[in-house]
Amino acid sequence: MSELEGKRVFVTGSGAGIGKAIATLFTQRGARVVVSDINADAAEQTAAEIGAAGVANCDVTDEAQVQSAIAQAVEILGGLDVLVNNAGIEVSSPLLHQSTESFDRIHAVNVRGPFVAMKAAIGHLIESTGNVVNIASIAGIGGSPLLGSYCASKAALIQLTRVAAVEMRPTGVRFNAVCPGFADTAMVERLVPDFEAATQMPFGDLVAMKQGRLGTPEDIAEVAAFLASDRASWITGASYVLDGGLTASLV
Ligand code: NAP
């Protein structure tokens, strides 16, 4: 039997990048996935490509949209076993030069989004003894120039994951975070020019030195699939780092 056979899954931000890889791999492993994105065309295209169970779009900053999308997913799937909070944005800016509006926006997507989604999903997850996989980042563990508000938002997401795991342990619902290093998506492409200007180093050299190679969206989907599966039944409150050794290195 496939690792995720029959699991009913909702993935935010799954029209592109890591979310799309998660929706794809989960489907290949037997899950029934509802794709969701702020970009409706991207979501439709992903769903058609992978043979998803359906589409239920939302902008994760809008609580009513999130509640409605999760209700639609439950309707399509007949319940919910796994919520993957993947939607996230980056902002590249020296921290103390960043506008307050931009700081609020990144927290609205990266922290408040998963928070409202977990609240909307928890009743269904208790019913199925399901689990949540939050896509955080190594930026939630170590600091990085230009990524101050992003680092703060991902640290907050790791902490939400831990507290939810502890509080919800009696229900059997598990909460885990995945903390990737730099991976090959549009998000990282957008960061490259500013990183090269700040470090005076080609981004490829920085990546080779610090993490061996760029991660692939599929690397991250593999860890998410494991955490979502029954093989991880004793794992909750964990933050899984996958970064080619970047955070392990002092030099
Ligand atoms: P990406 O390539 O930018 O894809 C993100 C997807 O989420 C896009 O389809 C995007 O739509 C959508 N999205 C953005 N804002 C949204 C919102 N408010 N509501 C719903 N969907 C929204 O990013 P990615 O690299 O795949 O990143 C996915 C997750 O992994 C994020 O949480 C990110 O922080 C995390 N992560 C990424 C890396 C990396 O190196 N790539 C490393 C560590 C962690 P639009 O394109 O239309 O905006």
# chains A, B, ... in the order shown; residues from 1 in each chain; ligands from 1
call {"tool": "residues_near_ligand", "arguments": {"ligand": "ligand 1", "cutoff": "6 Å", "atoms": "only C-alpha atoms and all ligand atoms", "output": "MDAnalysis selection string"}}
result
chainID A and resid 12:19 37:39 58:61 86:89 109 135:137 180:188
call {"tool": "write_last_selection", "arguments": {"atoms": "N, CA, C and O atoms", "output": "CSV table (one decimal), in the first residue's frame"}}
result
chain,number,residue,atom,x,y,z
A,12,THR,N,-2.1,24.6,1.0
A,12,THR,CA,-2.2,26.0,0.6
A,12,THR,C,-1.0,26.4,-0.3
A,12,THR,O,0.1,25.8,-0.1
A,13,GLY,N,-1.2,27.3,-1.1
A,13,GLY,CA,-0.1,27.8,-2.0
A,13,GLY,C,0.5,26.7,-2.9
A,13,GLY,O,1.7,26.7,-3.2
A,14,SER,N,-0.4,25.8,-3.4
A,14,SER,CA,0.1,24.6,-4.1
A,14,SER,C,0.0,24.8,-5.6
A,14,SER,O,0.1,23.8,-6.4
A,15,GLY,N,-0.2,26.0,-6.1
A,15,GLY,CA,-0.2,26.3,-7.5
A,15,GLY,C,1.2,26.3,-8.1
A,15,GLY,O,1.4,26.2,-9.3
A,16,ALA,N,2.2,26.4,-7.3
A,16,ALA,CA,3.6,26.5,-7.8
A,16,ALA,C,4.6,26.1,-6.7
A,16,ALA,O,4.2,25.8,-5.6
A,17,GLY,N,5.9,25.9,-7.1
A,17,GLY,CA,7.0,25.7,-6.2
A,17,GLY,C,6.8,24.5,-5.3
A,17,GLY,O,6.4,23.4,-5.7
A,18,ILE,N,7.2,24.7,-4.0
A,18,ILE,CA,7.2,23.6,-3.1
A,18,ILE,C,5.8,23.0,-2.8
A,18,ILE,O,5.6,21.8,-2.8
A,19,GLY,N,4.8,23.9,-2.8
A,19,GLY,CA,3.4,23.4,-2.6
A,19,GLY,C,2.9,22.5,-3.7
A,19,GLY,O,2.3,21.5,-3.5
A,37,ASP,N,-4.6,28.0,-3.9
A,37,ASP,CA,-3.6,29.0,-4.1
A,37,ASP,C,-4.3,30.4,-4.2
A,37,ASP,O,-5.5,30.4,-4.5
A,38,ILE,N,-3.6,31.4,-4.1
A,38,ILE,CA,-4.1,32.8,-4.3
A,38,ILE,C,-4.2,33.0,-5.8
A,38,ILE,O,-5.0,33.8,-6.3
A,39,ASN,N,-3.5,32.3,-6.6
A,39,ASN,CA,-3.5,32.3,-8.0
A,39,ASN,C,-4.3,31.2,-8.6
A,39,ASN,O,-3.9,30.1,-8.7
A,58,CYS,N,-7.8,30.1,-1.8
A,58,CYS,CA,-7.9,31.1,-0.8
A,58,CYS,C,-6.6,31.9,-0.8
A,58,CYS,O,-5.6,31.4,-1.1
A,59,ASP,N,-6.8,33.2,-0.4
A,59,ASP,CA,-5.7,34.0,0.0
A,59,ASP,C,-5.6,33.8,1.5
A,59,ASP,O,-6.6,34.1,2.3
A,60,VAL,N,-4.5,33.3,2.0
A,60,VAL,CA,-4.4,32.9,3.4
A,60,VAL,C,-4.5,34.1,4.4
A,60,VAL,O,-4.6,33.9,5.6
A,61,THR,N,-4.4,35.3,3.9
A,61,THR,CA,-4.5,36.4,4.8
A,61,THR,C,-6.0,36.8,5.0
A,61,THR,O,-6.3,37.6,5.9
A,86,ASN,N,1.6,25.7,3.4
A,86,ASN,CA,2.8,25.9,2.6
A,86,ASN,C,2.9,27.4,2.1
A,86,ASN,O,4.0,27.9,1.9
A,87,ALA,N,1.7,28.0,1.9
A,87,ALA,CA,1.7,29.4,1.3
A,87,ALA,C,2.6,30.3,2.1
A,87,ALA,O,2.5,30.3,3.4
A,88,GLY,N,3.5,31.0,1.5
A,88,GLY,CA,4.4,31.9,2.2
A,88,GLY,C,5.0,32.9,1.2
A,88,GLY,O,5.1,32.6,0.0
A,89,ILE,N,5.4,34.0,1.8
A,89,ILE,CA,6.1,35.0,0.9
A,89,ILE,C,7.4,35.4,1.6
A,89,ILE,O,7.6,35.3,2.8
A,109,VAL,N,0.7,36.7,6.0
A,109,VAL,CA,0.8,35.4,5.2
A,109,VAL,C,1.4,34.3,5.9
A,109,VAL,O,0.9,33.2,6.0
A,135,ILE,N,5.1,24.5,6.6
A,135,ILE,CA,6.4,24.7,5.9
A,135,ILE,C,7.0,26.0,6.4
A,135,ILE,O,6.6,27.1,6.1
A,136,ALA,N,8.0,25.8,7.3
A,136,ALA,CA,8.7,26.9,7.9
A,136,ALA,C,10.0,27.1,7.1
A,136,ALA,O,9.9,27.2,5.9
A,137,SER,N,11.1,27.2,7.8
A,137,SER,CA,12.4,27.5,7.0
A,137,SER,C,13.5,27.5,8.0
A,137,SER,O,13.3,27.7,9.2
A,180,PRO,N,13.3,24.0,5.4
A,180,PRO,CA,14.3,23.8,4.3
A,180,PRO,C,15.3,25.0,4.2
A,180,PRO,O,15.0,26.1,4.7
A,181,GLY,N,16.4,24.7,3.7
A,181,GLY,CA,17.4,25.7,3.2
A,181,GLY,C,16.9,26.2,1.9
A,181,GLY,O,15.8,26.1,1.5
A,182,PHE,N,17.9,26.9,1.2
A,182,PHE,CA,17.5,27.4,-0.1
A,182,PHE,C,17.1,26.3,-1.1
A,182,PHE,O,17.9,25.4,-1.3
A,183,ALA,N,15.9,26.5,-1.7
A,183,ALA,CA,15.5,25.5,-2.7
A,183,ALA,C,15.1,26.2,-4.0
A,183,ALA,O,14.9,27.4,-4.1
A,184,ASP,N,15.1,25.4,-5.1
A,184,ASP,CA,15.0,26.0,-6.4
A,184,ASP,C,13.6,26.3,-6.8
A,184,ASP,O,12.9,25.5,-7.4
A,185,THR,N,13.1,27.5,-6.4
A,185,THR,CA,11.8,28.0,-6.7
A,185,THR,C,11.8,29.4,-7.1
A,185,THR,O,12.9,30.1,-7.0
A,186,ALA,N,10.7,29.9,-7.6
A,186,ALA,CA,10.6,31.4,-7.9
A,186,ALA,C,11.0,32.3,-6.8
A,186,ALA,O,11.6,33.3,-7.0
A,187,MET,N,10.7,31.8,-5.5
A,187,MET,CA,11.0,32.6,-4.4
A,187,MET,C,12.5,32.9,-4.3
A,187,MET,O,12.9,34.1,-4.1
A,188,VAL,N,13.3,31.9,-4.4
A,188,VAL,CA,14.7,32.1,-4.3
A,188,VAL,C,15.3,32.8,-5.5
A,188,VAL,O,16.1,33.7,-5.4
call {"tool": "residues_around", "arguments": {"residues": "A:Leu227", "least_positions_apart": "2", "cutoff": "9 Å", "atoms": "only C-alpha atoms", "output": "ChimeraX atom specification"}}
result
/A:131-133,175-178,222-225,229-233,235-236
call {"tool": "write_last_selection", "arguments": {"atoms": "N, CA and C atoms", "output": "PDB file, in the first residue's frame"}}
result
ATOM      1  N   ASN A 131      -3.215  15.271  10.934  1.00  0.00           N
ATOM      2  CA  ASN A 131      -2.001  16.031  11.285  1.00  0.00           C
ATOM      3  C   ASN A 131      -1.827  17.258  10.410  1.00  0.00           C
ATOM      4  N   VAL A 132      -0.932  18.136  10.881  1.00  0.00           N
ATOM      5  CA  VAL A 132      -0.614  19.384  10.182  1.00  0.00           C
ATOM      6  C   VAL A 132       0.878  19.403   9.879  1.00  0.00           C
ATOM      7  N   VAL A 133       1.209  19.783   8.649  1.00  0.00           N
ATOM      8  CA  VAL A 133       2.613  20.008   8.283  1.00  0.00           C
ATOM      9  C   VAL A 133       2.755  21.483   7.913  1.00  0.00           C
ATOM     10  N   PHE A 175       1.359  17.891  14.917  1.00  0.00           N
ATOM     11  CA  PHE A 175       1.747  19.141  14.255  1.00  0.00           C
ATOM     12  C   PHE A 175       3.267  19.133  14.101  1.00  0.00           C
ATOM     13  N   ASN A 176       3.744  19.247  12.868  1.00  0.00           N
ATOM     14  CA  ASN A 176       5.183  19.287  12.632  1.00  0.00           C
ATOM     15  C   ASN A 176       5.537  20.389  11.633  1.00  0.00           C
ATOM     16  N   ALA A 177       6.795  20.831  11.713  1.00  0.00           N
ATOM     17  CA  ALA A 177       7.278  21.860  10.787  1.00  0.00           C
ATOM     18  C   ALA A 177       8.416  21.290   9.950  1.00  0.00           C
ATOM     19  N   VAL A 178       8.523  21.772   8.729  1.00  0.00           N
ATOM     20  CA  VAL A 178       9.634  21.434   7.846  1.00  0.00           C
ATOM     21  C   VAL A 178      10.446  22.714   7.655  1.00  0.00           C
ATOM     22  N   GLU A 222       9.300  15.203   0.032  1.00  0.00           N
ATOM     23  CA  GLU A 222       9.597  13.880   0.632  1.00  0.00           C
ATOM     24  C   GLU A 222       9.462  13.943   2.152  1.00  0.00           C
ATOM     25  N   VAL A 223      10.013  14.981   2.752  1.00  0.00           N
ATOM     26  CA  VAL A 223       9.957  15.088   4.213  1.00  0.00           C
ATOM     27  C   VAL A 223       8.520  15.361   4.663  1.00  0.00           C
ATOM     28  N   ALA A 224       7.839  16.223   3.914  1.00  0.00           N
ATOM     29  CA  ALA A 224       6.429  16.505   4.253  1.00  0.00           C
ATOM     30  C   ALA A 224       5.595  15.220   4.164  1.00  0.00           C
ATOM     31  N   ALA A 225       5.861  14.404   3.143  1.00  0.00           N
ATOM     32  CA  ALA A 225       5.096  13.158   2.970  1.00  0.00           C
ATOM     33  C   ALA A 225       5.346  12.216   4.145  1.00  0.00           C
ATOM     34  N   SER A 229       2.546  11.009   7.048  1.00  0.00           N
ATOM     35  CA  SER A 229       2.168   9.594   6.979  1.00  0.00           C
ATOM     36  C   SER A 229       2.090   8.957   8.370  1.00  0.00           C
ATOM     37  N   ASP A 230       1.508   7.773   8.413  1.00  0.00           N
ATOM     38  CA  ASP A 230       1.394   7.060   9.692  1.00  0.00           C
ATOM     39  C   ASP A 230       2.755   6.548  10.167  1.00  0.00           C
ATOM     40  N   ARG A 231       3.750   6.541   9.267  1.00  0.00           N
ATOM     41  CA  ARG A 231       5.103   6.149   9.707  1.00  0.00           C
ATOM     42  C   ARG A 231       5.654   7.121  10.740  1.00  0.00           C
ATOM     43  N   ALA A 232       5.096   8.354  10.745  1.00  0.00           N
ATOM     44  CA  ALA A 232       5.588   9.378  11.678  1.00  0.00           C
ATOM     45  C   ALA A 232       4.658   9.510  12.884  1.00  0.00           C
ATOM     46  N   SER A 233       3.995   8.412  13.253  1.00  0.00           N
ATOM     47  CA  SER A 233       2.910   8.517  14.239  1.00  0.00           C
ATOM     48  C   SER A 233       3.364   8.966  15.633  1.00  0.00           C
ATOM     49  N   ILE A 235       5.775  11.307  15.969  1.00  0.00           N
ATOM     50  CA  ILE A 235       6.487  12.579  15.764  1.00  0.00           C
ATOM     51  C   ILE A 235       5.486  13.726  15.799  1.00  0.00           C
ATOM     52  N   THR A 236       5.629  14.576  16.800  1.00  0.00           N
ATOM     53  CA  THR A 236       4.812  15.786  16.869  1.00  0.00           C
ATOM     54  C   THR A 236       5.604  16.884  17.568  1.00  0.00           C
TER      55      THR A 236
END
call {"tool": "select_by_dssp", "arguments": {"residues": "stretch 23-185 of chain A", "states": "strand (DSSP E or B)", "output": "PyMOL selection string"}}
result
chain A and resi 32-35+54-55+82-85+93+131-135+147+174-180+183
call {"tool": "closest_residue", "arguments": {"among": "A:Ala56, A:Trp234, A:Glu49, A:Ser153", "to": "A:Ser68", "atoms": "only C-alpha atoms"}}
result
A:Ala56
call {"tool": "atom_distance", "arguments": {"atom1": "atom CA of A:Tyr150", "atom2": "atom CA of A:Asp219"}}
result
21.4 Å
call {"tool": "select_by_dssp", "arguments": {"residues": "stretch 1-234 of chain A", "states": "helix (DSSP H, G or I)", "output": "PyMOL selection string"}}
result
chain A and resi 17-28+40-50+63-77+95-97+100-128+138-140+148-171+186-199+203-211+217-228+230-232
call {"tool": "residues_around", "arguments": {"residues": "A:Leu4", "least_positions_apart": "6", "cutoff": "8 Å", "atoms": "only C-alpha atoms", "output": "PyMOL selection string"}}
result
chain A and resi 26+29-31+225+228-229
call {"tool": "write_last_selection", "arguments": {"atoms": "N, CA, C and O atoms", "output": "PDB file, in the first residue's frame"}}
result
ATOM      1  N   PHE A  26       2.249  13.790  -2.926  1.00  0.00           N
ATOM      2  CA  PHE A  26       1.193  13.200  -2.092  1.00  0.00           C
ATOM      3  C   PHE A  26       0.203  12.435  -2.973  1.00  0.00           C
ATOM      4  O   PHE A  26      -0.244  11.343  -2.612  1.00  0.00           O
ATOM      5  N   ARG A  29       1.601   9.239  -4.032  1.00  0.00           N
ATOM      6  CA  ARG A  29       1.663   8.274  -2.928  1.00  0.00           C
ATOM      7  C   ARG A  29       0.281   7.836  -2.454  1.00  0.00           C
ATOM      8  O   ARG A  29       0.147   7.285  -1.364  1.00  0.00           O
ATOM      9  N   GLY A  30      -0.761   8.177  -3.211  1.00  0.00           N
ATOM     10  CA  GLY A  30      -2.087   7.633  -2.902  1.00  0.00           C
ATOM     11  C   GLY A  30      -3.043   8.574  -2.202  1.00  0.00           C
ATOM     12  O   GLY A  30      -4.177   8.201  -1.917  1.00  0.00           O
ATOM     13  N   ALA A  31      -2.596   9.828  -1.913  1.00  0.00           N
ATOM     14  CA  ALA A  31      -3.492  10.768  -1.229  1.00  0.00           C
ATOM     15  C   ALA A  31      -4.484  11.364  -2.214  1.00  0.00           C
ATOM     16  O   ALA A  31      -4.244  11.398  -3.415  1.00  0.00           O
ATOM     17  N   ALA A 225       5.861  14.404   3.143  1.00  0.00           N
ATOM     18  CA  ALA A 225       5.096  13.158   2.970  1.00  0.00           C
ATOM     19  C   ALA A 225       5.346  12.216   4.145  1.00  0.00           C
ATOM     20  O   ALA A 225       4.413  11.594   4.670  1.00  0.00           O
ATOM     21  N   ALA A 228       3.523  13.519   7.224  1.00  0.00           N
ATOM     22  CA  ALA A 228       2.065  13.390   7.093  1.00  0.00           C
ATOM     23  C   ALA A 228       1.607  11.942   7.205  1.00  0.00           C
ATOM     24  O   ALA A 228       0.432  11.675   7.448  1.00  0.00           O
ATOM     25  N   SER A 229       2.546  11.009   7.048  1.00  0.00           N
ATOM     26  CA  SER A 229       2.168   9.594   6.979  1.00  0.00           C
ATOM     27  C   SER A 229       2.090   8.957   8.370  1.00  0.00           C
ATOM     28  O   SER A 229       2.608   9.495   9.361  1.00  0.00           O
TER      29      SER A 229
END
call {"tool": "decode", "arguments": {"residues": "stretch 71-99 of chain A", "atoms": "N, CA and C atoms", "output": "compact mmCIF listing (two decimals), in the first residue's frame"}}
result
# COMPACT_ATOMS: atom_id res chain seq x y z
N ALA A 71 -13.72 24.35 4.22
CA ALA A 71 -15.06 23.72 4.18
C ALA A 71 -15.29 23.06 2.82
N GLN A 72 -14.88 23.74 1.74
CA GLN A 72 -15.03 23.14 0.40
C GLN A 72 -14.19 21.87 0.28
N ALA A 73 -12.97 21.91 0.80
CA ALA A 73 -12.09 20.73 0.73
C ALA A 73 -12.71 19.56 1.48
N VAL A 74 -13.26 19.84 2.65
CA VAL A 74 -13.90 18.78 3.45
C VAL A 74 -15.09 18.19 2.69
N GLU A 75 -15.82 19.06 2.02
CA GLU A 75 -16.98 18.63 1.22
C GLU A 75 -16.52 17.70 0.08
N ILE A 76 -15.45 18.13 -0.61
CA ILE A 76 -14.94 17.36 -1.75
C ILE A 76 -14.39 16.01 -1.28
N LEU A 77 -13.66 16.05 -0.15
CA LEU A 77 -12.91 14.87 0.28
C LEU A 77 -13.69 13.96 1.24
N GLY A 78 -14.75 14.52 1.81
CA GLY A 78 -15.50 13.76 2.81
C GLY A 78 -14.80 13.73 4.16
N GLY A 79 -13.98 14.74 4.41
CA GLY A 79 -13.24 14.84 5.68
C GLY A 79 -11.86 15.39 5.40
N LEU A 80 -11.03 15.44 6.43
CA LEU A 80 -9.68 15.97 6.24
C LEU A 80 -8.71 15.23 7.15
N ASP A 81 -7.63 14.71 6.57
CA ASP A 81 -6.61 14.03 7.37
C ASP A 81 -5.34 14.87 7.53
N VAL A 82 -5.04 15.70 6.51
CA VAL A 82 -3.78 16.44 6.55
C VAL A 82 -3.99 17.86 6.03
N LEU A 83 -3.52 18.82 6.82
CA LEU A 83 -3.45 20.22 6.38
C LEU A 83 -1.97 20.56 6.17
N VAL A 84 -1.61 21.01 4.97
CA VAL A 84 -0.24 21.49 4.75
C VAL A 84 -0.28 23.00 4.56
N ASN A 85 0.28 23.72 5.53
CA ASN A 85 0.38 25.18 5.44
C ASN A 85 1.69 25.51 4.74
N ASN A 86 1.57 25.69 3.42
CA ASN A 86 2.76 25.94 2.61
C ASN A 86 2.85 27.38 2.11
N ALA A 87 1.71 28.03 1.88
CA ALA A 87 1.74 29.38 1.30
C ALA A 87 2.64 30.28 2.13
N GLY A 88 3.53 30.99 1.48
CA GLY A 88 4.42 31.90 2.20
C GLY A 88 5.01 32.89 1.23
N ILE A 89 5.43 34.02 1.75
CA ILE A 89 6.08 35.02 0.92
C ILE A 89 7.40 35.45 1.57
N GLU A 90 8.28 36.00 0.76
CA GLU A 90 9.54 36.55 1.24
C GLU A 90 9.55 38.05 1.00
N VAL A 91 10.32 38.75 1.80
CA VAL A 91 10.63 40.15 1.52
C VAL A 91 12.12 40.29 1.74
N SER A 92 12.77 40.90 0.79
CA SER A 92 14.21 41.14 0.95
C SER A 92 14.42 42.60 1.30
N SER A 93 14.88 42.84 2.54
CA SER A 93 15.09 44.22 2.98
C SER A 93 15.94 44.22 4.24
N PRO A 94 16.85 45.19 4.36
CA PRO A 94 17.49 45.37 5.67
C PRO A 94 16.39 45.63 6.70
N LEU A 95 16.44 44.94 7.82
CA LEU A 95 15.30 44.90 8.75
C LEU A 95 14.80 46.30 9.13
N LEU A 96 15.72 47.15 9.53
CA LEU A 96 15.27 48.42 10.10
C LEU A 96 14.98 49.48 9.05
N HIS A 97 15.07 49.07 7.79
CA HIS A 97 14.64 49.94 6.69
C HIS A 97 13.35 49.43 6.07
N GLN A 98 12.82 48.34 6.62
CA GLN A 98 11.61 47.77 6.04
C GLN A 98 10.39 48.55 6.52
N SER A 99 9.43 48.75 5.63
CA SER A 99 8.23 49.48 6.05
C SER A 99 7.43 48.60 7.01
